[in-house]
file run-v4.tsv (TSV, C-alpha atoms and all ligand atoms)
chain	number	residue	atom	x	y	z
H	1	MET	CA	0.00	0.00	0.00
H	2	LEU	CA	1.44	3.36	-1.02
H	3	ASP	CA	1.94	6.08	1.59
H	4	THR	CA	-0.82	8.60	0.90
H	5	SER	CA	1.64	11.50	1.08
H	6	LEU	CA	3.46	10.10	-1.93
H	7	ILE	CA	2.32	11.76	-5.13
H	8	ILE	CA	2.81	10.19	-8.55
H	9	ARG	CA	2.89	12.71	-11.38
H	10	THR	CA	4.20	13.23	-14.89
H	11	ALA	CA	7.57	14.98	-15.17
H	12	ARG	CA	7.84	18.42	-16.76
H	13	GLU	CA	10.82	20.07	-18.39
H	14	GLU	CA	11.61	22.01	-15.21
H	15	ASP	CA	12.00	18.70	-13.31
H	16	LEU	CA	14.84	17.41	-15.48
H	17	ASP	CA	17.78	18.79	-13.49
H	18	ALA	CA	16.37	17.37	-10.24
H	19	LEU	CA	15.70	14.07	-12.01
H	20	VAL	CA	19.28	13.72	-13.24
H	21	ALA	CA	20.57	14.70	-9.78
H	22	LEU	CA	18.40	11.99	-8.20
H	23	GLU	CA	19.70	9.44	-10.69
H	24	HIS	CA	23.32	10.30	-9.82
H	25	THR	CA	22.56	10.08	-6.09
H	26	VAL	CA	21.03	6.62	-6.54
H	27	ALA	CA	23.94	5.43	-8.72
H	28	GLN	CA	26.55	6.63	-6.21
H	29	GLY	CA	24.88	4.59	-3.46
H	30	LEU	CA	25.07	1.32	-5.39
H	31	PRO	CA	27.81	-1.23	-4.72
H	32	SER	CA	28.43	-2.05	-8.36
H	33	ARG	CA	28.77	0.21	-11.38
H	34	GLU	CA	27.47	-2.60	-13.59
H	35	MET	CA	24.05	-2.45	-11.98
H	36	PHE	CA	22.83	0.82	-13.27
H	37	VAL	CA	23.73	2.99	-16.25
H	38	VAL	CA	23.13	6.71	-15.68
H	39	ASP	CA	21.47	8.82	-18.38
H	40	GLU	CA	21.96	12.53	-18.78
H	41	ARG	CA	19.53	15.36	-19.54
H	42	ALA	CA	19.93	14.93	-23.30
H	43	PHE	CA	18.40	11.46	-23.01
H	44	TYR	CA	15.31	12.71	-21.20
H	45	GLU	CA	14.53	15.80	-23.27
H	46	PRO	CA	13.10	14.04	-26.36
H	47	LEU	CA	10.99	11.79	-24.13
H	48	LEU	CA	9.22	14.86	-22.80
H	49	MET	CA	9.36	17.22	-25.74
H	50	GLN	CA	8.78	14.87	-28.67
H	51	ASN	CA	6.44	12.49	-26.89
H	52	ASN	CA	8.88	9.61	-27.35
H	53	GLY	CA	8.08	8.22	-23.94
H	54	GLN	CA	6.91	9.10	-20.48
H	55	ILE	CA	8.58	9.99	-17.20
H	56	LEU	CA	6.64	9.49	-13.99
H	57	LEU	CA	7.90	10.90	-10.71
H	58	ALA	CA	7.20	9.92	-7.13
H	59	GLU	CA	7.17	12.99	-4.93
H	60	TYR	CA	7.21	13.20	-1.14
H	61	GLU	CA	6.89	16.56	0.56
H	62	ASN	CA	7.83	18.39	-2.66
H	63	ARG	CA	10.96	16.25	-3.14
H	64	ILE	CA	11.41	13.80	-5.99
H	65	VAL	CA	12.14	10.42	-4.37
H	66	GLY	CA	11.77	8.10	-7.34
H	67	ALA	CA	11.24	7.96	-11.09
H	68	GLY	CA	10.09	5.53	-13.75
H	69	ILE	CA	10.94	6.09	-17.38
H	70	VAL	CA	9.60	4.40	-20.49
H	71	ALA	CA	10.48	5.10	-24.12
H	72	PHE	CA	8.65	4.42	-27.36
H	73	PRO	CA	11.39	3.48	-29.86
H	74	ARG	CA	10.80	3.80	-33.58
H	75	ALA	CA	10.31	0.43	-35.26
H	76	LYS	CA	13.45	0.91	-37.33
H	77	ALA	CA	15.61	2.29	-34.53
H	78	THR	CA	18.77	0.21	-34.14
H	79	ASP	CA	18.27	0.11	-30.39
H	80	ASN	CA	14.68	-1.18	-30.51
H	81	LEU	CA	14.98	-4.11	-28.10
H	82	GLY	CA	12.44	-6.09	-30.11
H	83	LYS	CA	15.26	-6.59	-32.63
H	84	GLU	CA	17.17	-8.57	-30.00
H	85	LEU	CA	14.25	-11.01	-29.98
H	86	LEU	CA	13.81	-10.98	-33.78
H	87	PHE	CA	10.40	-9.30	-33.74
H	88	PRO	CA	8.82	-8.69	-37.15
H	89	LEU	CA	8.26	-5.05	-38.16
H	90	SER	CA	4.60	-5.13	-37.11
H	91	LEU	CA	5.64	-5.94	-33.55
H	92	LEU	CA	8.61	-3.58	-33.44
H	93	GLU	CA	6.04	-0.78	-33.69
H	94	ARG	CA	4.41	-2.06	-30.52
H	95	VAL	CA	7.53	-2.05	-28.35
H	96	VAL	CA	7.82	-0.01	-25.17
H	97	HIS	CA	11.16	0.11	-23.37
H	98	ILE	CA	11.20	0.16	-19.59
H	99	GLU	CA	14.28	2.36	-19.65
H	100	SER	CA	14.92	2.99	-16.05
H	101	VAL	CA	13.48	3.04	-12.55
H	102	TYR	CA	15.23	4.42	-9.51
H	103	ILE	CA	14.08	5.02	-5.98
H	104	LEU	CA	15.90	6.68	-3.09
H	105	PRO	CA	17.06	3.99	-0.59
H	106	GLU	CA	14.73	5.12	2.21
H	107	PHE	CA	11.70	4.71	-0.09
H	108	ARG	CA	12.57	1.22	-1.37
H	109	GLY	CA	10.60	-1.90	-0.57
H	110	LYS	CA	7.23	-0.12	-0.89
H	111	LYS	CA	6.48	-1.39	-4.43
H	112	LEU	CA	7.01	2.12	-5.74
H	113	ALA	CA	8.95	0.86	-8.77
H	114	GLN	CA	6.05	-1.39	-9.62
H	115	VAL	CA	3.48	1.41	-9.33
H	116	LEU	CA	5.51	3.80	-11.50
H	117	THR	CA	6.20	1.19	-14.14
H	118	SER	CA	2.73	-0.31	-14.32
H	119	ARG	CA	1.22	3.17	-14.75
H	120	ASN	CA	3.75	3.90	-17.48
H	121	LEU	CA	2.88	0.62	-19.20
H	122	GLU	CA	-0.84	1.38	-19.03
H	123	LEU	CA	-0.21	4.61	-20.89
H	124	ALA	CA	2.02	2.84	-23.42
H	125	ALA	CA	-0.70	0.26	-24.09
H	126	GLN	CA	-3.11	3.11	-24.89
H	127	TYR	CA	-0.65	4.09	-27.64
H	128	GLY	CA	-0.67	0.49	-28.93
H	129	ARG	CA	2.69	-0.25	-27.30
H	130	ASP	CA	1.93	-3.54	-25.57
H	131	ARG	CA	5.26	-5.39	-25.86
H	132	ALA	CA	7.24	-4.28	-22.83
H	133	LEU	CA	10.98	-4.91	-22.92
H	134	SER	CA	13.68	-4.14	-20.43
H	135	THR	CA	17.37	-4.78	-19.94
H	136	VAL	CA	18.60	-5.77	-16.51
H	137	TRP	CA	21.97	-6.76	-15.09
H	138	PRO	CA	21.76	-10.45	-14.04
H	139	GLY	CA	23.04	-9.50	-10.57
H	140	ASN	CA	20.34	-6.89	-9.88
H	141	ALA	CA	17.83	-8.86	-7.78
H	142	SER	CA	15.74	-5.87	-6.67
H	143	SER	CA	15.20	-4.80	-10.26
H	144	MET	CA	14.51	-8.28	-11.60
H	145	SER	CA	12.15	-8.95	-8.73
H	146	PHE	CA	9.76	-6.10	-9.53
H	147	LEU	CA	9.96	-6.86	-13.27
H	148	TYR	CA	8.96	-10.49	-12.62
H	149	GLU	CA	6.06	-9.25	-10.52
H	150	LEU	CA	4.93	-7.13	-13.46
H	151	GLY	CA	4.92	-10.24	-15.64
H	152	LEU	CA	8.20	-9.86	-17.53
H	153	THR	CA	10.37	-12.93	-18.07
H	154	VAL	CA	14.01	-13.36	-19.11
H	155	ARG	CA	14.34	-14.18	-22.82
H	156	LYS	CA	17.93	-13.50	-23.75
H	157	LEU	CA	21.36	-12.67	-22.40
H	158	THR	CA	23.23	-10.08	-24.39
H	159	ARG	CA	25.79	-7.28	-24.04
H	160	LYS	CA	24.77	-3.62	-23.89
H	161	TYR	CA	26.19	-0.22	-22.96
H	162	GLY	CA	29.70	-0.93	-24.18
H	163	GLY	CA	29.93	-4.61	-23.20
H	164	LEU	CA	27.93	-5.01	-19.97
H	165	ASP	CA	26.01	-8.28	-19.48
H	166	ARG	CA	22.28	-7.67	-19.68
H	167	PHE	CA	19.20	-9.86	-19.68
H	168	ILE	CA	16.46	-8.90	-22.10
H	169	MET	CA	13.13	-9.25	-20.31
H	170	LEU	CA	9.78	-9.28	-22.09
H	171	ARG	CA	6.09	-9.00	-21.31
H	172	THR	CA	3.46	-9.63	-23.97
H	173	PRO	CA	-0.32	-9.16	-23.63
H	174	GLU	CA	-0.73	-12.93	-23.84
H	175	LYS	CA	-0.02	-14.65	-20.55
H	176	THR	CA	3.23	-16.62	-20.59
H	177	VAL	CA	2.67	-20.09	-19.20
H	178	SER	CA	5.65	-22.14	-18.12
H	179	SER	CA	5.79	-25.68	-16.88
H	180	GLY	CA	8.03	-28.59	-15.96
H	181	GLU	CA	10.90	-28.73	-13.58
H	182	SER	CA	12.61	-25.57	-12.41
H	183	VAL	CA	16.31	-25.17	-13.06
H	184	LEU	CA	18.25	-22.79	-10.83
H	185	ILE	CA	21.20	-20.85	-12.22
H	186	PRO	CA	23.35	-18.66	-9.91
H	187	CYS	CA	22.89	-15.06	-10.98
H	188	LEU	CA	26.39	-14.43	-12.34
H	189	ASP	CA	26.79	-17.79	-14.13
H	190	MET	CA	26.53	-16.33	-17.65
H	191	ASP	CA	27.31	-19.64	-19.38
H	192	GLY	CA	24.59	-21.30	-17.31
H	193	HIS	CA	22.05	-18.67	-18.40
H	194	ARG	CA	23.04	-19.00	-22.05
H	195	LYS	CA	22.65	-22.77	-21.89
H	196	GLN	CA	19.13	-22.60	-20.44
H	197	LEU	CA	17.99	-19.92	-22.89
H	198	SER	CA	19.40	-21.83	-25.87
H	199	GLN	CA	17.30	-24.83	-24.77
H	200	GLY	CA	14.04	-22.89	-24.92
H	201	MET	CA	13.86	-22.13	-21.21
H	202	ILE	CA	12.88	-18.70	-19.89
H	203	GLY	CA	13.70	-17.00	-16.59
H	204	VAL	CA	10.49	-16.77	-14.56
H	205	GLY	CA	11.61	-15.73	-11.10
H	206	LEU	CA	14.42	-15.62	-8.60
H	207	LEU	CA	15.29	-17.56	-5.50
H	208	ARG	CA	17.25	-15.79	-2.81
H	209	HIS	CA	19.78	-17.92	-0.97
H	210	ASP	CA	19.51	-18.23	2.79
H	211	GLU	CA	22.18	-15.68	3.51
H	212	ALA	CA	20.61	-13.05	1.25
H	213	LYS	CA	19.32	-9.85	2.79
H	214	HIS	CA	16.52	-8.40	0.68
H	215	ASP	CA	17.30	-4.85	1.56
H	216	GLN	CA	20.87	-4.82	0.31
H	217	PRO	CA	21.19	-3.83	-3.33
H	218	GLY	CA	24.00	-5.71	-4.99
H	219	ASN	CA	23.59	-8.83	-2.87
H	220	LEU	CA	24.43	-11.58	-5.31
H	221	ALA	CA	23.18	-14.50	-3.22
H	222	PHE	CA	20.35	-15.52	-5.50
H	223	SER	CA	19.61	-17.72	-8.49
H	224	VAL	CA	17.40	-17.26	-11.53
H	225	ILE	CA	14.60	-19.82	-11.89
H	226	TYR	CA	14.25	-21.22	-15.40
H	227	ARG	CA	11.29	-23.15	-16.71
H	228	LYS	CA	10.14	-24.43	-20.06
H	229	VAL	CA	7.72	-22.08	-21.80
H	230	ASN	CA	4.47	-23.60	-23.06
H	231	GLY	CA	3.54	-23.02	-26.68
H	232	ASP	CA	5.05	-20.43	-28.99
H	233	LEU	CA	8.13	-18.67	-27.64
H	234	SER	CA	6.16	-15.43	-27.90
H	235	CYS	CA	5.42	-13.38	-30.94
H	236	GLY	CA	7.94	-14.48	-33.47
H	237	SER	CA	10.82	-13.92	-31.12
H	238	SER	CA	13.86	-16.06	-30.49
H	239	ALA	CA	15.12	-16.72	-26.99
H	240	ASN	CA	18.51	-17.81	-28.14
H	241	ALA	CA	21.51	-15.77	-27.22
H	301	LIG	C1	15.26	-1.65	-8.32
H	301	LIG	C2	14.45	-0.60	-7.55
H	301	LIG	C3	13.97	0.45	-8.53
H	301	LIG	C4	13.23	-1.32	-6.92
H	301	LIG	O1	12.41	-0.33	-6.33
H	301	LIG	P1	11.40	-0.65	-5.12
H	301	LIG	O2	10.31	0.36	-5.19
H	301	LIG	O3	12.13	-0.77	-3.85
H	301	LIG	O4	10.84	-2.07	-5.56
H	301	LIG	P2	10.01	-3.09	-4.69
H	301	LIG	O5	9.43	-2.43	-3.46
H	301	LIG	O6	9.10	-3.79	-5.63
H	301	LIG	O7	11.11	-4.12	-4.18
H	301	LIG	C5	11.84	-4.88	-5.14
H	301	LIG	C6	12.79	-5.78	-4.42
H	301	LIG	O8	13.74	-5.00	-3.69
H	301	LIG	C7	13.84	-5.50	-2.35
H	301	LIG	N1	14.01	-4.43	-1.36
H	301	LIG	C8	13.20	-4.14	-0.34
H	301	LIG	N2	13.70	-3.13	0.37
H	301	LIG	C9	14.84	-2.79	-0.23
H	301	LIG	C10	15.81	-1.81	0.07
H	301	LIG	N3	15.69	-0.99	1.11
H	301	LIG	N4	16.88	-1.73	-0.76
H	301	LIG	C11	16.99	-2.56	-1.82
H	301	LIG	N5	16.10	-3.52	-2.13
H	301	LIG	C12	15.03	-3.62	-1.34
H	301	LIG	C13	12.53	-6.12	-2.08
H	301	LIG	O9	12.76	-7.14	-1.14
H	301	LIG	C14	12.08	-6.66	-3.40
H	301	LIG	O10	12.54	-7.96	-3.57
H	301	LIG	P3	11.56	-9.19	-3.21
H	301	LIG	O11	10.30	-8.94	-4.01
H	301	LIG	O12	12.31	-10.38	-3.67
H	301	LIG	O13	11.31	-9.12	-1.76
H	301	LIG	C15	15.28	0.06	-6.42
H	301	LIG	O14	15.84	-0.97	-5.62
H	301	LIG	C16	16.39	0.95	-6.94
H	301	LIG	O15	16.21	2.15	-7.11
H	301	LIG	N6	17.56	0.37	-7.18
H	301	LIG	C17	18.71	1.13	-7.68
H	301	LIG	C18	18.55	1.53	-9.15
H	301	LIG	C19	18.33	0.31	-10.03
H	301	LIG	O16	19.08	-0.67	-9.96
H	301	LIG	N7	17.33	0.41	-10.90
H	301	LIG	C20	16.98	-0.67	-11.80
H	301	LIG	C21	17.72	-0.63	-13.06
H	301	LIG	S1	17.10	0.64	-14.14
call {"tool": "encode", "arguments": {"input": "run-v4.tsv", "output": "structure tokens"}}
result
Amino acid sequence: MLDTSLIIRTAREEDLDALVALEHTVAQGLPSREMFVVDERAFYEPLLMQNNGQILLAEYENRIVGAGIVAFPRAKATDNLGKELLFPLSLLERVVHIESVYILPEFRGKKLAQVLTSRNLELAAQYGRDRALSTVWPGNASSMSFLYELGLTVRKLTRKYGGLDRFIMLRTPEKTVSSGESVLIPCLDMDGHRKQLSQGMIGVGLLRHDEAKHDQPGNLAFSVIYRKVNGDLSCGSSANA
């Protein structure tokens, strides 16, 4: 349940400096640089001014404490993540990128990331953008956890942002049903992930190891749960790395 004094609102141009400052504050507090790639003002401007996406802010007592950003990539854009999953052109037009979500440490664990992102995805769906894709570092449990809760699953392991390991996670309007035995792969076992994905498995959740503390970002004591997907491997896409 969200604190009633938290306000969720759309960002305006005059919020951008505070937004970038918040992003830097969050990044500086993280234990690993691999977890989170920081964007600058030039990235956000077209999202606001050319309607290429949406930025939602969480505000507490007139202070921005969190943000969720989605982008609507052009079908032919080289960075359209649907290309990673071999989407046909008709589906590339329906892609929405969950670009980024960041919450100040003292406001974490309240499902704020989920609220910001699900509201952003509702808006995207109104624009016909109903294929949600996100990149996530395989060691970022907090991020993967809220994305799983929103219905995204791991479809591919690739390299992004100058060579960083990133999962590609996907949500389609059709419910993804998985079955069979679960296979657990430790989060930083990249070869293990590649093997499962190449065998038609998808990542459907995470299992924290006994020693894991939920409230410590960067805690790597968890495994990704893989299961076999039932039916078509979603909308003409390939899960192979
Ligand atoms: C990832 C992030 C946005 C999640 O935001 P949130 O609003 O706390 O999300 P949720 O409340 O849904 O919690 C998500 C997970 O974080 C864990 N968590 C809870 N409190 C936490 C805290 N104080 N610090 C870190 N993680 C915490 C939760 O246990 C939950 O995992 P679980 O579902 O397995 O229990 C936030 O941790 C964050 O800003 N991280 C740094 C930036 C980042 O990595 N962003 C994602 C990449 S763009």
call {"tool": "residues_near_ligand", "arguments": {"input": "run-v4.tsv", "ligand": "ligand LIG 301 (chain H)", "cutoff": "7 Å", "atoms": "only C-alpha atoms and all ligand atoms", "output": "PyMOL selection string"}}
result
chain H and resi 26-27+30+35-36+99-114+136+140-143+145-146+214-217
call {"tool": "closest_residue", "arguments": {"input": "run-v4.tsv", "among": "H:Arg166, H:Arg227, H:Arg41, H:Arg171", "to": "Leu152 in chain H", "atoms": "all atoms listed in the file"}}
result
H:Arg171
call {"tool": "residues_around", "arguments": {"input": "run-v4.tsv", "residues": "Val38 in chain H", "least_positions_apart": "5", "cutoff": "9 Å", "atoms": "all atoms listed in the file", "output": "MDAnalysis selection string"}}
result
chainID H and resid 20 23:24 27
call {"tool": "closest_residue", "arguments": {"input": "run-v4.tsv", "among": "H:Glu149, H:Val154, H:Asp130, H:Trp137", "to": "Glu174 in chain H", "atoms": "all atoms listed in the file"}}
result
H:Asp130
call {"tool": "closest_residue", "arguments": {"input": "run-v4.tsv", "among": "H:Gly66, H:Glu181, H:Ser90, H:Glu34", "to": "Arg159 in chain H", "atoms": "only C-alpha atoms"}}
result
H:Glu34
call {"tool": "closest_residue", "arguments": {"input": "run-v4.tsv", "among": "H:Ala42, H:Ser118, H:Val96, H:Gly29", "to": "Gly68 in chain H", "atoms": "only C-alpha atoms"}}
result
H:Ser118
call {"tool": "residues_around", "arguments": {"input": "run-v4.tsv", "residues": "Leu56 in chain H", "least_positions_apart": "2", "cutoff": "8 Å", "atoms": "only C-alpha atoms", "output": "number ranges by chain"}}
result
H: 8-11, 54, 58, 67-69, 116, 120
call {"tool": "closest_residue", "arguments": {"input": "run-v4.tsv", "among": "H:Ile64, H:Thr176, H:Arg12, H:Phe72", "to": "Met49 in chain H", "atoms": "all atoms listed in the file"}}
result
H:Arg12
call {"tool": "atom_distance", "arguments": {"input": "run-v4.tsv", "atom1": "CA of Ala124 in chain H", "atom2": "CA of Met169 in chain H"}}
result
16.7 Å
call {"tool": "atom_distance", "arguments": {"input": "run-v4.tsv", "atom1": "CA of His97 in chain H", "atom2": "CA of Arg119 in chain H"}}
result
13.5 Å
call {"tool": "atom_distance", "arguments": {"input": "run-v4.tsv", "atom1": "CA of Asp79 in chain H", "atom2": "CA of Lys160 in chain H"}}
result
9.9 Å
call {"tool": "closest_residue", "arguments": {"input": "run-v4.tsv", "among": "H:Phe87, H:Leu48, H:Gln199, H:Thr135", "to": "Tyr161 in chain H", "atoms": "all atoms listed in the file"}}
result
H:Thr135
call {"tool": "residues_near_point", "arguments": {"input": "run-v4.tsv", "point": "(26.5, -16.3, -6.3)", "cutoff": "7 Å", "atoms": "only C-alpha atoms", "output": "PDB file with C-alpha atoms, in the frame of the given file"}}
result
ATOM      1  CA  PRO H 186      23.350 -18.660  -9.910  1.00  0.00           C
ATOM      2  CA  CYS H 187      22.890 -15.060 -10.980  1.00  0.00           C
ATOM      3  CA  LEU H 188      26.390 -14.430 -12.340  1.00  0.00           C
ATOM      4  CA  LEU H 220      24.430 -11.580  -5.310  1.00  0.00           C
ATOM      5  CA  ALA H 221      23.180 -14.500  -3.220  1.00  0.00           C
ATOM      6  CA  PHE H 222      20.350 -15.520  -5.500  1.00  0.00           C
TER       7      PHE H 222
END
call {"tool": "residues_near_point", "arguments": {"input": "run-v4.tsv", "point": "(2.8, -2.5, -27.1)", "cutoff": "6 Å", "atoms": "all atoms listed in the file", "output": "ChimeraX atom specification"}}
result
/H:94-96,125,128-131
call {"tool": "residues_around", "arguments": {"input": "run-v4.tsv", "residues": "Glu61 in chain H", "least_positions_apart": "2", "cutoff": "10 Å", "atoms": "only C-alpha atoms", "output": "list of chain:residue names"}}
result
H:Ser5, H:Leu6, H:Ile7, H:Glu59, H:Arg63, H:Ile64, H:Val65
call {"tool": "residues_around", "arguments": {"input": "run-v4.tsv", "residues": "Thr153 in chain H", "least_positions_apart": "5", "cutoff": "6 Å", "atoms": "all atoms listed in the file", "output": "JSON, numbers by chain"}}
result
{"H": [169, 170, 203, 204]}
